[in-house]
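Undergrad: Pasting a structure here, questions to come.
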Amino acid sequence: MKISPRLQLIASLVQHHYDDIWDCCCDHGLLGANLLENHPDSTLHFVDVVPDLMQEISVKLNHFYPASAEGITRWQVHCLDVALLPLADNTHRQLIIIAGVGGDLLIRLVEAILKAHPHHHLEFILCPVQHTFAVRKSLQQHKLGLICEHLIEDNRRFYEVLHVSTQSQVKITAIGSQMWDLTRTRDQRYLHKTLSHYQRIQTGSQNKLMTQKVDSLNSTDFHTELSTIIEAYQALLAMIPSPSLRS
C-alpha cells in the first residue's frame with residue numbers, strides 16, 4: 001500500500017508496542033491501514049467526524065481485514081469529535097496521532113484530550129498543517145515532553161512532525177531542537193520560508209497599528225512574541241554553514 005512521504009515518516013515513528021493506536025482526522029484511513037499491517041498486536045482506531053467517510057472506511061476494513069471466526073477485529077471506527085476520544089483506562093498504552101489539520105484545531109484537540117484524561121500516560125504524534133510555533137508553545141504550557149521531531153517535505157509542502165508524551169522530560173523548544181540539519185538545502189529553504197512568513201506578519205501588523213485603533217496591550221504582547229519568533233529563526237539562520245565549509 002503506497003502512502004505519502006509524510007505518512008511514511010509518521011508510520012516509521014511507531015516503533016514500540018501500543019495497546020491502542022488512534023488515527024485521528026484519518027481522512028481515507030491510509031495511515032491506519034499501514035499501521036494495521038505492521039502492528040499486529042495493537043488495536044487501530046480510525047477517528048473522524050465525517051459520516052460518509054467513516055462508512056467508506058468501515059466497508060474497506062471489513063473487506064481487507066475481516067473479523068476472526070470469533071467475530072473479533074483488530075480495528076474500530078469512530079465517527080466523533082477527536083476531543084471526545086473514549087480512551088481505555090491507564091493500563092493501556094495509548095498512542096494518539098493527529099495529522100493534517102491546522103495548528104489551532106490541533107491545539108484545541110490536544111488540550112481537550114489532556115483535560116479529559118489528566119491521569120493517563122499518553123503519547124502523541126502530531127503533524128499540524130500550519131502554526132507550528134503556536135503548537136509548540138501550547139505543548140510546553142501543558143508540560144508535554146519531546147520524544148523526537150522531524151522535518152519533512154511532501155508535495156512541495158513542509159511539515160514538522162512531533163512525537164511527544166506526558167512522561168518525557170525532554171523540553172520542547174519553540175523552533176525545534178532535533179529536526180534541523182542546516183547542511184541540507186531542504187532545511188535551509190524551510191528556514192528562509194518560515195522566517196519570511198513571520199517577517200511579513202510583523203510588517204503587516206505594524207502597518208495596521210499605524211492606521212487603526214487597536215488594543216495597545218494586546219498589540220504590545222503580539223509584537224513582543226513576533227519579535228521573539230523572528231529572533232529565534234534569525235539565530236538559526238546564522239548557523240547555516242558557508243558553501244566552502246559544506247564542500
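Residues in the C-alpha cells are named by chain (A, B, ... in the order shown) and by number from 1 within that chain; ligands are numbered from 1 in the order shown.
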Can you tell me, as an MDAnalysis selection string, which residues in stretch 140-247 of chain A count as alpha helix (DSSP H) by DSSP?

TA: chainID A and resid 140:141 185:211 216:237 243:246

Undergrad: Need to verify the contact set: stretch 95-109 of chain A, 6 Å, only C-alpha atoms, exclusion of same-chain residues closer than 3 positions in sequence. Can you return it as a PyMOL selection string?

TA: chain A and resi 21-24+83+112+123-131+135

Undergrad: Would you kindly return, as a ChimeraX atom specification, each protein, DNA or RNA residue with an atom no farther than 8 Å from any atom of stretch 152-154 of chain A, considering only C-alpha atoms and excluding same-chain residues fewer than 2 positions away?

TA: /A:4-6,9,150,156-161,186

Undergrad: The selected residues should be written to file as a short mmCIF file (atom, residue, chain, number, x, y, z; two decimals), in the first residue's frame (atoms: C-alpha atoms).

TA:
data_model
loop_
_atom_site.label_atom_id
_atom_site.label_comp_id
_atom_site.auth_asym_id
_atom_site.auth_seq_id
_atom_site.Cartn_x
_atom_site.Cartn_y
_atom_site.Cartn_z
CA SER A 4 2.84 9.68 1.04
CA PRO A 5 6.31 10.54 2.43
CA ARG A 6 4.63 12.42 5.29
CA LEU A 9 7.51 9.23 8.31
CA HIS A 150 11.40 15.61 12.22
CA ARG A 156 6.06 20.87 -2.13
CA ARG A 157 4.85 21.49 1.40
CA PHE A 158 6.84 21.35 4.61
CA TYR A 159 5.65 19.64 7.77
CA GLU A 160 7.01 19.41 11.29
CA VAL A 161 6.27 16.09 12.94
CA ARG A 186 15.69 21.45 2.19
#

Undergrad: Identify which of the residues A:Ser68, A:Ser168, A:Ser196, A:Asn34 lies closest to A:Ile10, counting only C-alpha atoms when measuring atom-to-atom distances.

TA: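 Checking each candidate against A:Ile10, we get A:Asn34 as the closest.
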
Undergrad: Of the residues A:Gln55, A:Trp75, A:Asn62, A:Ile147, which is the one nearest to A:Gly32, using only C-alpha atoms?

TA: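 The answer is A:Trp75, which sits nearest to A:Gly32.
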
Undergrad: Tell me which of A:Leu61, A:Leu31, A:Leu191, A:Cys148 sits closest to A:Val170, counting only C-alpha atoms.

TA: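 Closest to A:Val170 of all the choices is A:Cys148.
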
Undergrad: Excluding same-chain residues fewer than 5 positions from stretch 36-43 of chain A, what lies within 8 Å of it counting only C-alpha atoms, as JSON, numbers by chain?

TA: {"A": [17, 18, 19, 20, 21, 74, 75, 76]}

Undergrad: With C-alpha atoms retained, write the just-selected residues as a short mmCIF file (atom, residue, chain, number, x, y, z; two decimals), in the first residue's frame.

TA:
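This is the output file out_20.cif:
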data_model
loop_
_atom_site.label_atom_id
_atom_site.label_comp_id
_atom_site.auth_asym_id
_atom_site.auth_seq_id
_atom_site.Cartn_x
_atom_site.Cartn_y
_atom_site.Cartn_z
CA HIS A 17 4.01 -1.70 21.19
CA TYR A 18 0.83 0.20 21.95
CA ASP A 19 -2.41 -1.39 23.07
CA ASP A 20 -4.37 1.28 21.23
CA ILE A 21 -3.33 3.49 18.30
CA ARG A 74 -8.23 -5.52 15.41
CA TRP A 75 -9.78 -2.22 14.40
CA GLN A 76 -12.61 0.09 15.39
#

Undergrad: I want to know what sits within 8 Å of A:Leu182, based on only C-alpha atoms, with residues of the same chain fewer than 6 positions away left out; could you give that as a ChimeraX atom specification?

TA: /A:188,239-241

Undergrad: If we count only C-alpha atoms, what is near A:His197 at a cut-off of 12 Å, once residues fewer than 3 positions away on the same chain are taken out, given as a PyMOL selection string?

TA: chain A and resi 130-131+133+190-194+200-204+226+229-230+233

Undergrad: Measuring atom to atom with only C-alpha atoms, identify which of A:His119, A:Leu114, A:Leu35, A:Gly145 is nearest to A:Gln15.

TA: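 Ranking A:His119, A:Leu114, A:Leu35, A:Gly145 by distance to A:Gln15, first place goes to A:Leu35.
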
Undergrad: Based on DSSP run over this structure's backbone, return all residues of stretch 121-202 of chain A in strand (DSSP E or B), as a VMD selection string.

TA: chain A and resid 122 to 127 145 to 154 157 to 165

Undergrad: Generate the output file for the selected residues, N, CA, C and O atoms, as a compact mmCIF listing (two decimals), in the first residue's frame.

TA:
# COMPACT_ATOMS: atom_id res chain seq x y z
N LEU A 122 0.10 9.36 28.19
CA LEU A 122 -0.26 9.43 26.78
C LEU A 122 0.92 9.82 25.92
O LEU A 122 1.80 10.57 26.34
N GLU A 123 0.92 9.30 24.70
CA GLU A 123 1.87 9.74 23.68
C GLU A 123 1.08 10.28 22.49
O GLU A 123 0.02 9.76 22.15
N PHE A 124 1.63 11.31 21.87
CA PHE A 124 1.03 11.91 20.69
C PHE A 124 2.06 11.99 19.58
O PHE A 124 3.23 12.30 19.83
N ILE A 125 1.64 11.70 18.36
CA ILE A 125 2.40 12.09 17.17
C ILE A 125 1.56 13.15 16.47
O ILE A 125 0.42 12.90 16.08
N LEU A 126 2.12 14.34 16.33
CA LEU A 126 1.38 15.49 15.85
C LEU A 126 2.03 16.06 14.60
O LEU A 126 3.25 16.22 14.54
N CYS A 127 1.20 16.38 13.61
CA CYS A 127 1.72 16.95 12.37
C CYS A 127 0.74 18.03 11.90
O CYS A 127 -0.14 17.78 11.07
N GLY A 145 6.54 16.50 26.92
CA GLY A 145 7.96 16.42 26.62
C GLY A 145 8.20 15.76 25.28
O GLY A 145 7.37 15.01 24.77
N LEU A 146 9.37 16.02 24.73
CA LEU A 146 9.70 15.56 23.38
C LEU A 146 10.28 14.15 23.41
O LEU A 146 11.12 13.82 24.25
N ILE A 147 9.82 13.31 22.47
CA ILE A 147 10.45 12.03 22.19
C ILE A 147 11.36 12.18 20.97
O ILE A 147 12.53 11.83 21.00
N CYS A 148 10.81 12.73 19.91
CA CYS A 148 11.62 13.06 18.73
C CYS A 148 10.83 14.02 17.86
O CYS A 148 9.62 14.20 18.04
N GLU A 149 11.52 14.63 16.90
CA GLU A 149 10.87 15.54 15.96
C GLU A 149 11.59 15.48 14.62
O GLU A 149 12.80 15.20 14.57
N HIS A 150 10.83 15.72 13.56
CA HIS A 150 11.40 15.61 12.22
C HIS A 150 10.77 16.68 11.32
O HIS A 150 9.64 17.11 11.54
N LEU A 151 11.53 17.05 10.30
CA LEU A 151 11.06 17.95 9.25
C LEU A 151 10.96 17.15 7.96
O LEU A 151 11.88 16.44 7.60
N ILE A 152 9.81 17.26 7.28
CA ILE A 152 9.59 16.50 6.04
C ILE A 152 9.00 17.42 4.99
O ILE A 152 8.18 18.29 5.30
N GLU A 153 9.43 17.24 3.75
CA GLU A 153 8.83 17.95 2.62
C GLU A 153 8.04 16.94 1.80
O GLU A 153 8.56 15.89 1.43
N ASP A 154 6.79 17.25 1.54
CA ASP A 154 5.91 16.32 0.84
C ASP A 154 5.02 17.13 -0.11
O ASP A 154 4.28 18.01 0.34
N ARG A 157 5.21 20.87 0.14
CA ARG A 157 4.85 21.49 1.40
C ARG A 157 5.73 20.92 2.50
O ARG A 157 6.11 19.75 2.47
N PHE A 158 6.03 21.77 3.48
CA PHE A 158 6.84 21.35 4.61
C PHE A 158 5.95 21.03 5.81
O PHE A 158 4.94 21.70 6.03
N TYR A 159 6.37 20.02 6.56
CA TYR A 159 5.65 19.64 7.77
C TYR A 159 6.64 19.37 8.90
O TYR A 159 7.69 18.76 8.67
N GLU A 160 6.29 19.81 10.09
CA GLU A 160 7.01 19.41 11.29
C GLU A 160 6.21 18.30 11.97
O GLU A 160 5.00 18.43 12.17
N VAL A 161 6.90 17.22 12.29
CA VAL A 161 6.27 16.09 12.94
C VAL A 161 6.87 15.95 14.33
O VAL A 161 8.09 15.81 14.48
N LEU A 162 6.02 15.99 15.36
CA LEU A 162 6.49 15.93 16.74
C LEU A 162 5.90 14.70 17.43
O LEU A 162 4.68 14.50 17.42
N HIS A 163 6.78 13.91 18.02
CA HIS A 163 6.37 12.78 18.86
C HIS A 163 6.62 13.20 20.30
O HIS A 163 7.76 13.42 20.70
N VAL A 164 5.55 13.34 21.07
CA VAL A 164 5.64 13.89 22.43
C VAL A 164 4.88 12.98 23.40
O VAL A 164 4.08 12.13 22.98
N SER A 165 5.13 13.18 24.68
CA SER A 165 4.43 12.37 25.68
C SER A 165 4.27 13.14 26.98
O SER A 165 4.94 14.15 27.22

Undergrad: For A:Met54, work out the shell of residues within 10 Å, counting only C-alpha atoms and skipping chain neighbours fewer than 5 positions away, then give it as a list in words.

TA: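 These residues fall inside the cut-off: Cys26, Asp27, His28, Gly29, Phe46, Val47, Asp48, Val49, Val59, Lys60, Val77, His78, Cys79 and Leu80 of chain A.
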
Undergrad: Please, could you write that set of residues out with N, CA, C and O atoms as an mmCIF file, in the first residue's frame?

TA:
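Output (part30.cif):
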data_model
loop_
_atom_site.group_PDB
_atom_site.id
_atom_site.type_symbol
_atom_site.label_atom_id
_atom_site.label_comp_id
_atom_site.auth_asym_id
_atom_site.auth_seq_id
_atom_site.Cartn_x
_atom_site.Cartn_y
_atom_site.Cartn_z
ATOM 1 N N CYS A 26 -8.561 10.932 10.216
ATOM 2 C CA CYS A 26 -7.865 9.876 9.472
ATOM 3 C C CYS A 26 -8.049 9.941 7.967
ATOM 4 O O CYS A 26 -7.500 9.107 7.237
ATOM 5 N N ASP A 27 -8.837 10.895 7.480
ATOM 6 C CA ASP A 27 -9.026 11.034 6.040
ATOM 7 C C ASP A 27 -9.519 9.704 5.461
ATOM 8 O O ASP A 27 -10.549 9.201 5.866
ATOM 9 N N HIS A 28 -8.769 9.099 4.527
ATOM 10 C CA HIS A 28 -9.215 7.844 3.923
ATOM 11 C C HIS A 28 -8.621 6.606 4.592
ATOM 12 O O HIS A 28 -8.716 5.501 4.064
ATOM 13 N N GLY A 29 -7.981 6.793 5.736
ATOM 14 C CA GLY A 29 -7.534 5.650 6.522
ATOM 15 C C GLY A 29 -6.250 4.996 6.054
ATOM 16 O O GLY A 29 -5.923 3.896 6.498
ATOM 17 N N PHE A 46 -9.852 4.261 14.012
ATOM 18 C CA PHE A 46 -9.978 5.243 12.936
ATOM 19 C C PHE A 46 -11.023 6.272 13.373
ATOM 20 O O PHE A 46 -12.183 5.905 13.626
ATOM 21 N N VAL A 47 -10.613 7.545 13.440
ATOM 22 C CA VAL A 47 -11.492 8.561 14.026
ATOM 23 C C VAL A 47 -11.633 9.750 13.083
ATOM 24 O O VAL A 47 -10.633 10.316 12.622
ATOM 25 N N ASP A 48 -12.869 10.127 12.795
ATOM 26 C CA ASP A 48 -13.150 11.357 12.046
ATOM 27 C C ASP A 48 -14.610 11.711 12.274
ATOM 28 O O ASP A 48 -15.390 10.882 12.755
ATOM 29 N N VAL A 49 -14.977 12.948 11.927
ATOM 30 C CA VAL A 49 -16.351 13.412 12.176
ATOM 31 C C VAL A 49 -17.228 13.333 10.934
ATOM 32 O O VAL A 49 -18.394 13.697 10.997
ATOM 33 N N VAL A 59 -16.337 -0.131 5.319
ATOM 34 C CA VAL A 59 -16.530 -1.106 4.248
ATOM 35 C C VAL A 59 -15.187 -1.699 3.829
ATOM 36 O O VAL A 59 -15.034 -2.924 3.668
ATOM 37 N N LYS A 60 -14.188 -0.837 3.662
ATOM 38 C CA LYS A 60 -12.868 -1.304 3.239
ATOM 39 C C LYS A 60 -12.215 -2.180 4.305
ATOM 40 O O LYS A 60 -11.595 -3.209 3.995
ATOM 41 N N VAL A 77 -13.928 1.750 14.249
ATOM 42 C CA VAL A 77 -14.196 3.001 13.550
ATOM 43 C C VAL A 77 -15.078 3.867 14.447
ATOM 44 O O VAL A 77 -16.088 3.405 14.968
ATOM 45 N N HIS A 78 -14.665 5.122 14.623
ATOM 46 C CA HIS A 78 -15.387 6.038 15.495
ATOM 47 C C HIS A 78 -15.718 7.315 14.724
ATOM 48 O O HIS A 78 -14.815 8.022 14.279
ATOM 49 N N CYS A 79 -16.988 7.591 14.568
ATOM 50 C CA CYS A 79 -17.404 8.850 13.934
ATOM 51 C C CYS A 79 -17.731 9.832 15.060
ATOM 52 O O CYS A 79 -18.866 9.894 15.547
ATOM 53 N N LEU A 80 -16.716 10.573 15.477
ATOM 54 C CA LEU A 80 -16.908 11.510 16.584
ATOM 55 C C LEU A 80 -15.806 12.564 16.588
ATOM 56 O O LEU A 80 -14.811 12.452 15.881
#

Undergrad: Between A:Cys25, A:Ala33, A:Met179, A:Ala232, which one has atoms that come closest to A:Tyr198, using only C-alpha atoms?

TA: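 So, comparing all the options, the nearest one is A:Ala232.
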